[in-house]
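K.L.:
Structure file final_34.txt (compact mmCIF, C-alpha atoms) right here:
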# COMPACT_ATOMS: atom_id res chain seq x y z
CA MET A 30 -25.75 -11.85 -23.83
CA THR A 31 -27.77 -9.96 -26.48
CA ARG A 32 -28.85 -7.51 -23.80
CA ILE A 33 -25.23 -6.86 -22.76
CA THR A 34 -23.92 -6.20 -26.27
CA LYS A 35 -26.31 -3.25 -26.54
CA ILE A 36 -24.78 -1.38 -23.58
CA GLU A 37 -23.20 1.30 -25.72
CA LYS A 38 -22.26 4.91 -25.08
CA SER A 39 -25.61 6.33 -26.26
CA ILE A 40 -27.54 4.05 -23.88
CA ILE A 41 -25.24 4.85 -20.97
CA GLU A 42 -25.46 8.59 -21.64
CA LYS A 43 -29.26 8.46 -21.79
CA ASN A 44 -29.27 6.42 -18.60
CA LEU A 45 -27.21 9.07 -16.78
CA LEU A 46 -29.42 11.89 -18.03
CA ASP A 47 -32.70 10.09 -17.24
CA ASN A 48 -31.49 9.06 -13.78
CA PHE A 49 -29.45 12.13 -12.96
CA GLU A 50 -30.60 12.47 -9.33
CA LYS A 51 -29.92 8.79 -8.63
CA LEU A 52 -26.56 8.35 -10.36
CA MET A 53 -24.75 11.67 -10.44
CA PRO A 54 -24.36 12.13 -6.66
CA THR A 55 -22.09 9.07 -6.68
CA PHE A 56 -20.18 10.52 -9.63
CA TYR A 57 -19.65 13.87 -7.91
CA GLU A 58 -18.51 12.13 -4.72
CA MET A 59 -16.07 10.08 -6.83
CA GLN A 60 -14.70 13.22 -8.47
CA SER A 61 -14.47 15.06 -5.17
CA SER A 62 -12.51 12.19 -3.64
CA PHE A 63 -10.23 11.85 -6.68
CA LEU A 64 -9.41 15.56 -6.94
CA SER A 65 -9.04 15.96 -3.16
CA ASP A 66 -6.54 13.10 -3.13
CA VAL A 67 -4.63 14.73 -6.00
CA TYR A 68 -4.59 18.07 -4.16
CA LYS A 69 -3.42 16.53 -0.89
CA ARG A 70 -0.70 14.48 -2.61
CA TYR A 71 0.76 17.29 -4.71
CA GLY A 72 -0.48 20.41 -2.92
CA ASP A 73 -1.58 21.83 -6.24
CA LEU A 74 -4.24 20.69 -8.73
CA GLU A 75 -2.44 22.13 -11.76
CA GLY A 76 0.70 20.19 -10.86
CA GLY A 77 -1.44 17.16 -10.11
CA HIS A 78 -3.05 17.51 -13.54
CA ILE A 79 0.43 17.20 -15.08
CA VAL A 80 1.23 14.13 -12.98
CA ILE A 81 -2.03 12.50 -14.15
CA SER A 82 -0.86 12.99 -17.73
CA PHE A 83 2.45 11.23 -16.99
CA ALA A 84 0.70 8.46 -15.03
CA ARG A 85 -1.73 7.84 -17.91
CA ASP A 86 1.21 7.37 -20.29
CA LEU A 87 2.94 5.00 -17.87
CA HIS A 88 -0.14 2.78 -17.77
CA LEU A 89 -0.24 2.82 -21.58
CA GLU A 90 3.35 1.54 -21.72
CA ILE A 91 2.43 -1.24 -19.28
CA LEU A 92 -0.67 -2.05 -21.32
CA ARG A 93 1.43 -2.42 -24.47
CA LYS A 94 3.14 -5.42 -22.88
CA ARG A 95 -0.04 -7.30 -23.84
CA GLU A 96 0.85 -6.83 -27.51
CA ASN A 97 3.50 -9.53 -27.20
CA ASP A 98 2.08 -11.48 -24.27
CA LEU A 99 -1.67 -11.92 -23.87
CA THR A 100 -1.15 -13.34 -20.38
CA PHE A 101 0.84 -10.32 -19.16
CA ASN A 102 -0.21 -9.43 -15.62
CA LEU A 103 -1.78 -5.94 -15.55
CA SER A 104 -3.04 -6.20 -11.96
CA LEU A 105 -2.72 -3.66 -9.18
CA GLU A 106 -0.82 -6.30 -7.22
CA ASN A 107 1.79 -6.47 -10.00
CA PHE A 108 1.87 -2.74 -10.73
CA TRP A 109 4.98 -2.04 -8.68
CA ASN A 110 6.97 -4.59 -10.71
CA ASN A 111 5.45 -3.41 -13.97
CA HIS A 112 6.17 0.27 -13.61
CA LYS A 113 9.85 -0.40 -12.93
CA ASN A 114 10.21 -2.48 -16.08
CA VAL A 115 8.87 -0.22 -18.82
CA ASN A 116 10.57 2.48 -20.84
CA GLN A 117 8.72 5.77 -20.76
CA ASN A 118 9.03 8.10 -23.72
CA SER A 119 10.37 11.62 -23.44
CA ARG A 120 7.73 14.36 -23.46
CA LYS A 121 7.87 17.96 -24.60
CA ILE A 122 6.53 20.75 -22.44
CA ILE A 123 4.45 22.12 -25.32
CA ASN A 124 2.67 18.75 -25.68
CA ILE A 125 1.94 18.57 -21.95
CA ALA A 126 0.58 22.13 -22.06
CA ARG A 127 -1.73 21.27 -24.95
CA GLU A 128 -3.02 18.13 -23.27
CA THR A 129 -3.73 19.81 -19.93
CA GLY A 130 -4.90 23.18 -21.23
CA LEU A 131 -2.30 24.93 -19.05
CA PRO A 132 -0.20 27.81 -20.43
CA LYS A 133 3.27 26.71 -21.57
CA GLU A 134 5.12 28.79 -18.97
CA THR A 135 2.82 27.58 -16.20
CA THR A 136 3.50 24.00 -17.30
CA ARG A 137 7.27 24.62 -17.25
CA ARG A 138 7.10 26.17 -13.77
CA LYS A 139 4.91 23.38 -12.40
CA LEU A 140 7.22 20.72 -13.85
CA ILE A 141 10.27 22.28 -12.21
CA ASN A 142 8.43 22.25 -8.88
CA LEU A 143 7.28 18.63 -9.34
CA ILE A 144 10.85 17.55 -10.12
CA LYS A 145 12.14 19.45 -7.09
CA LYS A 146 9.62 17.68 -4.85
CA LYS A 147 10.45 14.31 -6.52
CA HIS A 148 6.93 13.75 -7.83
CA ILE A 149 8.40 13.67 -11.35
CA LYS A 150 11.83 12.20 -12.19
CA LYS A 151 14.44 13.76 -14.44
CA ILE A 152 17.50 11.68 -15.25
CA GLU A 153 18.66 13.33 -18.45
CA LYS A 154 18.16 16.71 -20.10
CA ASN A 155 14.98 15.59 -21.86
CA LYS A 156 14.16 12.40 -19.94
CA ILE A 157 11.29 13.35 -17.65
CA PHE A 158 8.86 10.72 -16.37
CA TRP A 159 6.61 9.69 -13.49
CA GLU A 160 7.64 6.91 -11.13
CA PRO A 161 5.96 6.34 -7.76
CA VAL A 162 8.55 6.42 -4.99
CA SER A 163 8.99 3.04 -3.28
CA GLU A 164 8.82 4.52 0.22
CA TYR A 165 5.25 5.64 -0.54
CA LYS A 166 4.13 2.27 -1.90
CA GLU A 167 1.72 1.46 0.95
CA SER A 168 0.05 4.87 0.95
CA TYR A 169 -0.16 4.83 -2.86
CA ILE A 170 -1.84 1.41 -2.91
CA LYS A 171 -4.25 2.51 -0.17
CA ILE A 172 -5.30 5.59 -2.15
CA ILE A 173 -5.76 3.55 -5.35
CA GLU A 174 -7.86 0.96 -3.47
CA GLU A 175 -10.14 3.75 -2.26
CA GLU A 176 -10.39 5.21 -5.77
CA ILE A 177 -11.19 1.77 -7.22
CA SER A 178 -13.93 1.35 -4.62
CA SER A 179 -15.41 4.76 -5.46
CA LEU A 180 -15.25 4.07 -9.20
CA SER A 181 -16.76 0.59 -8.75
CA LYS A 182 -19.70 2.10 -6.87
CA PHE A 183 -20.38 4.49 -9.77
CA ILE A 184 -20.25 1.65 -12.32
CA TYR A 185 -22.33 -0.65 -10.10
CA GLU A 186 -25.12 1.91 -9.67
CA GLN A 187 -25.27 2.45 -13.43
CA GLY A 188 -25.51 -1.31 -13.91
CA GLN A 189 -28.35 -1.52 -11.39
CA VAL A 190 -30.44 1.03 -13.27
CA LEU A 191 -29.67 -0.75 -16.56
CA ASN A 192 -30.81 -4.06 -14.99
CA LEU A 193 -27.38 -5.64 -15.43
CA ASN A 194 -26.49 -8.47 -13.10
CA ILE A 195 -23.02 -7.26 -12.07
CA SER A 196 -22.02 -7.35 -8.43
CA PHE A 197 -20.01 -4.60 -6.79
CA VAL A 198 -17.40 -7.18 -5.77
CA LYS A 199 -16.99 -8.39 -9.35
CA ILE A 200 -16.43 -4.85 -10.62
CA GLN A 201 -13.79 -4.22 -7.95
CA ARG A 202 -12.09 -7.53 -8.69
CA GLU A 203 -11.98 -6.92 -12.46
CA ILE A 204 -10.53 -3.43 -12.07
CA ARG A 205 -7.86 -4.70 -9.67
CA SER A 206 -7.05 -7.67 -11.93
CA ASN A 207 -6.67 -5.51 -15.05
CA TYR A 208 -5.62 -2.38 -13.25
CA SER A 209 -3.40 -0.76 -15.89
CA PHE A 210 -6.02 -1.33 -18.62
CA PHE A 211 -8.81 0.31 -16.66
CA TRP A 212 -6.59 2.99 -15.10
CA TYR A 213 -5.16 4.08 -18.44
CA HIS A 214 -8.71 4.81 -19.65
CA TYR A 215 -9.81 6.25 -16.30
CA LEU A 216 -6.94 8.75 -16.23
CA ASN A 217 -7.44 9.53 -19.92
CA PHE A 218 -11.03 10.59 -19.27
CA GLN A 219 -10.03 12.43 -16.09
CA LEU A 220 -7.62 14.46 -18.23
CA GLN A 221 -10.45 15.40 -20.61
CA TYR A 222 -12.74 16.36 -17.73
CA ILE A 223 -10.11 18.44 -15.91
CA LYS A 224 -8.97 20.14 -19.13
CA PHE A 225 -12.54 21.22 -19.92
CA TRP A 226 -12.87 22.91 -16.53
CA GLN A 227 -9.33 24.31 -16.66
CA GLU A 228 -10.23 26.09 -19.90
CA SER A 229 -13.63 27.18 -18.51
CA LEU A 230 -12.56 28.40 -15.06
CA LYS A 231 -8.77 28.93 -15.42
CA ASP A 232 -8.63 27.76 -11.80
CA LEU A 233 -8.83 24.08 -10.81
CA GLU A 234 -9.27 24.79 -7.11
CA MET A 235 -12.56 26.45 -8.04
CA LEU A 236 -13.60 23.22 -9.75
CA LEU A 237 -13.01 21.24 -6.56
CA ILE A 238 -14.76 23.86 -4.43
CA GLY A 239 -17.67 24.04 -6.88
CA LEU A 240 -18.07 20.26 -6.65
CA GLN A 241 -18.66 20.56 -2.90
CA VAL A 242 -21.46 23.08 -3.49
CA GLN A 243 -23.04 20.74 -6.07
CA ILE A 244 -22.83 17.74 -3.73
CA GLN A 245 -24.42 19.73 -0.91
CA THR A 246 -27.20 20.90 -3.24
CA ILE A 247 -27.93 17.44 -4.62
CA ASN A 248 -27.97 15.89 -1.14
CA TYR A 249 -30.43 18.55 0.02
CA LEU A 250 -32.71 18.07 -2.99
CA ASN A 251 -32.66 14.28 -2.58
CA LYS A 252 -34.12 14.74 0.90
CA GLN A 253 -36.98 16.85 -0.41
CA THR A 254 -40.07 15.44 -2.05
CA ASN A 255 -40.68 16.26 -5.72
CA ALA A 256 -37.35 18.06 -6.04
CA GLU A 257 -34.95 17.04 -8.79
CA TYR A 258 -31.53 18.36 -9.74
CA SER A 259 -32.54 18.44 -13.40
CA SER A 260 -35.30 20.85 -12.34
CA LEU A 261 -32.63 22.98 -10.70
CA LEU A 262 -30.67 23.14 -13.97
CA LEU A 263 -33.83 24.27 -15.73
CA ASN A 264 -34.63 26.77 -12.95
CA LYS A 265 -37.95 25.00 -12.26
CA LEU A 266 -37.74 24.05 -8.62
CA PRO A 267 -41.02 23.54 -6.68
CA LYS A 268 -42.12 26.69 -4.85
CA ASN A 269 -41.82 25.05 -1.43
CA ILE A 270 -38.07 24.41 -1.90
CA ASN A 271 -35.78 27.03 -0.40
CA ILE A 272 -32.40 26.51 -2.07
CA GLN A 273 -30.73 28.68 0.58
CA ASN A 274 -31.06 25.67 2.90
CA ALA A 275 -28.61 23.80 0.63
CA ASN A 276 -25.71 25.85 1.95
CA ILE A 277 -22.12 25.03 2.84
CA SER A 278 -19.36 26.76 4.77
CA ALA A 279 -15.77 27.50 3.79
CA THR A 280 -14.65 25.47 6.82
CA SER A 281 -16.50 22.34 5.64
CA ILE A 282 -15.04 22.66 2.15
CA SER A 283 -11.55 23.07 3.58
CA GLU A 284 -11.91 19.97 5.76
CA ILE A 285 -13.10 17.83 2.83
CA THR A 286 -10.68 19.03 0.16
CA GLY A 287 -7.56 19.96 2.09
CA ILE A 288 -7.59 23.44 0.52
CA PRO A 289 -6.71 26.05 3.21
CA ARG A 290 -9.77 27.85 4.59
CA PRO A 291 -8.58 31.36 3.56
CA THR A 292 -8.15 30.08 0.00
CA CYS A 293 -11.63 28.52 0.09
CA ILE A 294 -13.11 31.84 1.22
CA ARG A 295 -11.30 33.74 -1.54
CA LYS A 296 -12.50 31.30 -4.23
CA LEU A 297 -16.06 31.24 -2.87
CA GLU A 298 -16.15 35.04 -2.94
CA LYS A 299 -15.00 34.87 -6.56
CA PHE A 300 -18.00 32.59 -7.29
CA VAL A 301 -20.19 35.23 -5.59
CA LYS A 302 -18.78 37.95 -7.86
CA MET A 303 -19.47 35.67 -10.84
CA LYS A 304 -23.08 35.45 -9.58
CA PHE A 305 -22.86 31.66 -9.40
CA LEU A 306 -23.17 31.62 -5.59
CA ASP A 307 -24.68 33.90 -2.97
CA LYS A 308 -23.67 34.30 0.66
CA ASP A 309 -25.90 34.42 3.69
CA LYS A 310 -24.63 37.48 5.57
CA SER A 311 -25.62 36.14 9.00
CA THR A 312 -24.33 32.55 8.72
CA LYS A 313 -21.47 33.25 6.25
CA ARG A 314 -22.52 30.13 4.33
CA TYR A 315 -22.78 29.85 0.56
CA PHE A 316 -25.51 28.52 -1.75
CA LEU A 317 -26.28 28.30 -5.47
CA LEU A 318 -28.00 31.10 -7.36
CA ILE A 319 -30.24 28.83 -9.40
CA GLU A 320 -31.58 31.56 -11.66
CA GLN A 321 -28.02 32.01 -12.97
CA LEU A 322 -27.32 28.36 -13.87
CA THR A 323 -28.74 28.46 -17.38
CA SER A 324 -27.80 32.02 -18.31
CA ASN A 325 -24.53 32.93 -16.57
CA PRO A 326 -21.95 33.52 -19.33
CA LEU A 327 -19.07 33.24 -16.86
CA LEU A 328 -19.78 29.63 -15.92
CA PRO A 329 -21.12 26.99 -18.35
CA ALA A 330 -23.00 24.96 -15.71
CA VAL A 331 -25.43 23.17 -18.02
CA GLU A 332 -22.88 22.75 -20.81
CA GLY A 333 -20.40 21.46 -18.23
CA THR A 334 -22.87 18.90 -16.89
CA LYS A 335 -23.63 17.59 -20.38
CA LYS A 336 -19.92 17.51 -21.28
CA THR A 337 -19.15 15.62 -18.07
CA ILE A 338 -21.84 13.02 -18.79
CA SER A 339 -20.58 12.61 -22.35
CA ILE A 340 -16.96 12.11 -21.26
CA PHE A 341 -17.71 9.55 -18.58
CA SER A 342 -20.31 7.71 -20.67
CA ASN A 343 -17.44 6.84 -23.00
CA PHE A 344 -15.46 5.53 -20.04
CA SER A 345 -18.39 3.55 -18.62
CA GLU A 346 -18.86 1.88 -22.01
CA ILE A 347 -15.23 0.72 -21.92
CA VAL A 348 -15.68 -0.63 -18.38
CA PHE A 349 -18.86 -2.55 -19.26
CA LYS A 350 -17.20 -4.05 -22.35
CA GLY A 351 -14.28 -5.06 -20.17
CA LEU A 352 -16.58 -6.68 -17.62
CA PHE A 353 -18.40 -8.70 -20.29
CA ARG A 354 -15.52 -9.36 -22.66
Rewrite the structure of this file - the entire thing - as structure tokens.

P.N.:
Amino acid sequence: MTRITKIEKSIIEKNLLDNFEKLMPTFYEMQSSFLSDVYKRYGDLEGGHIVISFARDLHLEILRKRENDLTFNLSLENFWNNHKNVNQNSRKIINIARETGLPKETTRRKLINLIKKKHIKKIEKNKIFWEPVSEYKESYIKIIEEEISSLSKFIYEQGQVLNLNISFVKIQREIRSNYSFFWYHYLNFQLQYIKFWQESLKDLEMLLIGLQVQIQTINYLNKQTNAEYSSLLLNKLPKNINIQNANISATSISEITGIPRPTCIRKLEKFVKMKFLDKDKSTKRYFLLIEQLTSNPLLPAVEGTKKTISIFSNFSEIVFKGLFR
């Protein structure tokens, strides 16, 4: 037990940095899946970002039921009953804008659209809240099960490197059993992550598209001997590695994310203008410009990686404490 009590944020963060090539591919796949699901559900990542904010607050209200009843059931199985039996507080547009990093008028416009499409409910002038629609219960639960599986894999792989004896099945079971506890924190850290990139890129579709390029690059480097992603960030790849081989097409990105292919092309070309990506003129495929990663003022790649690790190290600490409470 002494060993377990020392699994704190600083240790987890160091673990992720020291084992970047082993652990971060799973993280990027998790984020790609999460953001792609959000895009496909709401057709818009900025609107989805707002829904995440409302969903986080709903889970907090469910979690507060534990204040008066330590045996209160927070499970995924009981979520549908729980979310219908809590009172959600009214929220001001200015507060939502601050939390998401979206301009106030953009937030207002997105909210109107979300209400129109019944993703957000409005029953009074100022009573706006998120409530999953009953007719989508099965599809909602299926998506959450997939997200729990993806998250559990990320936590499990961290535990393996830290020599913790935690099975994948146990992690899944604990997250399902205390779903609103874990999901409140999970969505809270997702909000921080998305807000950082919203403020950096001003375009969340570019975040999702950029993730696909990173995943492709990491997968390529993992297949090569003596090639590490941390070396890529430092612009110190071995001479025998041709990063142009770690390329991806707009069609592939569209199929994975659900973003229309013409939109993918437009955003990829924007990355090219920012000198973050280059394009092979014969194949029309895109790849990273590694010499720009550490010096490009338009895209904080290294800062973003460190910020990401810091944010999710906090979350992983909460999960590990929950597993060994």

K.L.:
Using Å and a single decimal, report how far atom CA of Ile91 of chain A sits from atom CA of Asn111 of chain A.

P.N.:
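Pair atom CA of Asn111 of chain A / atom CA of Ile91 of chain A returns 6.5 Å.
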
K.L.:
Segment 43-49 of chain A: which residues within 9 Å, counting all atoms listed in the file, same-chain residues fewer than 3 positions away excluded, as a PyMOL selection string?

P.N.:
chain A and resi 38-40+52-54+187+190-191+257-259+335+338+342

K.L.:
In terms of the shortest atom-to-atom distance over all atoms listed in the file, which of A:Leu230, A:Ile238, A:Met59, A:Leu216 is closest to Ser181 of chain A?

P.N.:
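Nearest to Ser181 of chain A: A:Met59.
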
K.L.:
Would you work out the distance separating atom CA of Met303 of chain A from atom CA of Ile247 of chain A, expressed in Å to one decimal?

P.N.:
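Distance between the two atoms: 21.0 Å.
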
K.L.:
So what do you get for atom CA of Gln253 of chain A versus atom CA of Phe56 of chain A, distance-wise?

P.N.:
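Going from atom CA of Gln253 of chain A over to atom CA of Phe56 of chain A, I get 20.2 Å.
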
K.L.:
Please identify every residue of segment 180-276 of chain A that has at least one atom no farther than 12 Å from an atom of segment 286-300 of chain A, counting only C-alpha atoms, and for each give the shortest atom pair and the distance in Å to one decimal, arranged by chain then increasing number, as CSV.

P.N.:
residue,atom,partner,partner_atom,distance
A:Leu230,CA,A:Phe300,CA,10.4
A:Asp232,CA,A:Lys296,CA,9.2
A:Leu233,CA,A:Lys296,CA,10.4
A:Glu234,CA,A:Lys296,CA,7.8
A:Met235,CA,A:Lys296,CA,6.2
A:Leu236,CA,A:Lys296,CA,9.8
A:Leu237,CA,A:Thr286,CA,7.4
A:Ile238,CA,A:Cys293,CA,7.2
A:Gly239,CA,A:Leu297,CA,8.4
A:Leu240,CA,A:Thr286,CA,10.1
A:Gln241,CA,A:Thr286,CA,8.7
A:Val242,CA,A:Leu297,CA,9.8

K.L.:
Hey, what's within 12 Å of Lys171 of chain A if we count only C-alpha atoms and toss same-chain stuff fewer than 6 positions away? As an NGL selection string, please?

P.N.:
:A and (66 or 105-106 or 165 or 177-178)

K.L.:
Between A:Ile347, A:Val67, A:Leu352, A:Ile195, which one has atoms that come closest to Tyr215 of chain A, using all atoms listed in the file?

P.N.:
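Among the listed residues, the smallest separation from Tyr215 of chain A belongs to A:Ile347.
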
K.L.:
Which residues come within 10 Å of Gln219 of chain A, counting only C-alpha atoms, excluding same-chain residues fewer than 2 positions away, as a ChimeraX atom specification?

P.N.:
/A:60,63-64,78,81-82,85,213-217,221-225,337,340-341,344

K.L.:
Can you write just those residues out, C-alpha atoms, as a PDB file, in the frame of the given file?

P.N.:
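Output saved as result15.pdb:
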ATOM      1  CA  GLN A  60     -14.700  13.220  -8.470  1.00  0.00           C
ATOM      2  CA  PHE A  63     -10.230  11.850  -6.680  1.00  0.00           C
ATOM      3  CA  LEU A  64      -9.410  15.560  -6.940  1.00  0.00           C
ATOM      4  CA  HIS A  78      -3.050  17.510 -13.540  1.00  0.00           C
ATOM      5  CA  ILE A  81      -2.030  12.500 -14.150  1.00  0.00           C
ATOM      6  CA  SER A  82      -0.860  12.990 -17.730  1.00  0.00           C
ATOM      7  CA  ARG A  85      -1.730   7.840 -17.910  1.00  0.00           C
ATOM      8  CA  TYR A 213      -5.160   4.080 -18.440  1.00  0.00           C
ATOM      9  CA  HIS A 214      -8.710   4.810 -19.650  1.00  0.00           C
ATOM     10  CA  TYR A 215      -9.810   6.250 -16.300  1.00  0.00           C
ATOM     11  CA  LEU A 216      -6.940   8.750 -16.230  1.00  0.00           C
ATOM     12  CA  ASN A 217      -7.440   9.530 -19.920  1.00  0.00           C
ATOM     13  CA  GLN A 221     -10.450  15.400 -20.610  1.00  0.00           C
ATOM     14  CA  TYR A 222     -12.740  16.360 -17.730  1.00  0.00           C
ATOM     15  CA  ILE A 223     -10.110  18.440 -15.910  1.00  0.00           C
ATOM     16  CA  LYS A 224      -8.970  20.140 -19.130  1.00  0.00           C
ATOM     17  CA  PHE A 225     -12.540  21.220 -19.920  1.00  0.00           C
ATOM     18  CA  THR A 337     -19.150  15.620 -18.070  1.00  0.00           C
ATOM     19  CA  ILE A 340     -16.960  12.110 -21.260  1.00  0.00           C
ATOM     20  CA  PHE A 341     -17.710   9.550 -18.580  1.00  0.00           C
ATOM     21  CA  PHE A 344     -15.460   5.530 -20.040  1.00  0.00           C
TER      22      PHE A 344
END

K.L.:
Here is a test: counting all atoms listed in the file, which residue of A:Thr280, A:Asn274, A:Asn142, A:Asn207 is nearest to Asp73 of chain A?

P.N.:
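Counting all atoms listed in the file, the residue closest to Asp73 of chain A is A:Asn142.
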
K.L.:
What would segment 270-289 of chain A look like if you wrote it out as a PDB file, in the first residue's frame, with C-alpha atoms included, from the block I just posted?

P.N.:
ATOM      1  CA  ILE A 270      14.178   8.317 -40.961  1.00  0.00           C
ATOM      2  CA  ASN A 271      12.203   9.992 -43.733  1.00  0.00           C
ATOM      3  CA  ILE A 272       9.305  11.747 -42.004  1.00  0.00           C
ATOM      4  CA  GLN A 273       7.554  12.189 -45.364  1.00  0.00           C
ATOM      5  CA  ASN A 274       6.653   8.498 -45.102  1.00  0.00           C
ATOM      6  CA  ALA A 275       4.479   9.354 -42.067  1.00  0.00           C
ATOM      7  CA  ASN A 276       1.862  10.930 -44.305  1.00  0.00           C
ATOM      8  CA  ILE A 277      -1.925  10.955 -44.287  1.00  0.00           C
ATOM      9  CA  SER A 278      -4.633  11.883 -46.767  1.00  0.00           C
ATOM     10  CA  ALA A 279      -7.635  14.180 -46.381  1.00  0.00           C
ATOM     11  CA  THR A 280      -9.863  11.206 -47.253  1.00  0.00           C
ATOM     12  CA  SER A 281      -8.507   9.114 -44.358  1.00  0.00           C
ATOM     13  CA  ILE A 282      -8.972  11.971 -41.910  1.00  0.00           C
ATOM     14  CA  SER A 283     -12.531  12.504 -43.119  1.00  0.00           C
ATOM     15  CA  GLU A 284     -13.391   8.819 -42.694  1.00  0.00           C
ATOM     16  CA  ILE A 285     -12.009   8.728 -39.128  1.00  0.00           C
ATOM     17  CA  THR A 286     -13.392  12.022 -37.839  1.00  0.00           C
ATOM     18  CA  GLY A 287     -16.617  12.492 -39.781  1.00  0.00           C
ATOM     19  CA  ILE A 288     -15.450  15.942 -40.926  1.00  0.00           C
ATOM     20  CA  PRO A 289     -16.375  16.419 -44.635  1.00  0.00           C
TER      21      PRO A 289
END
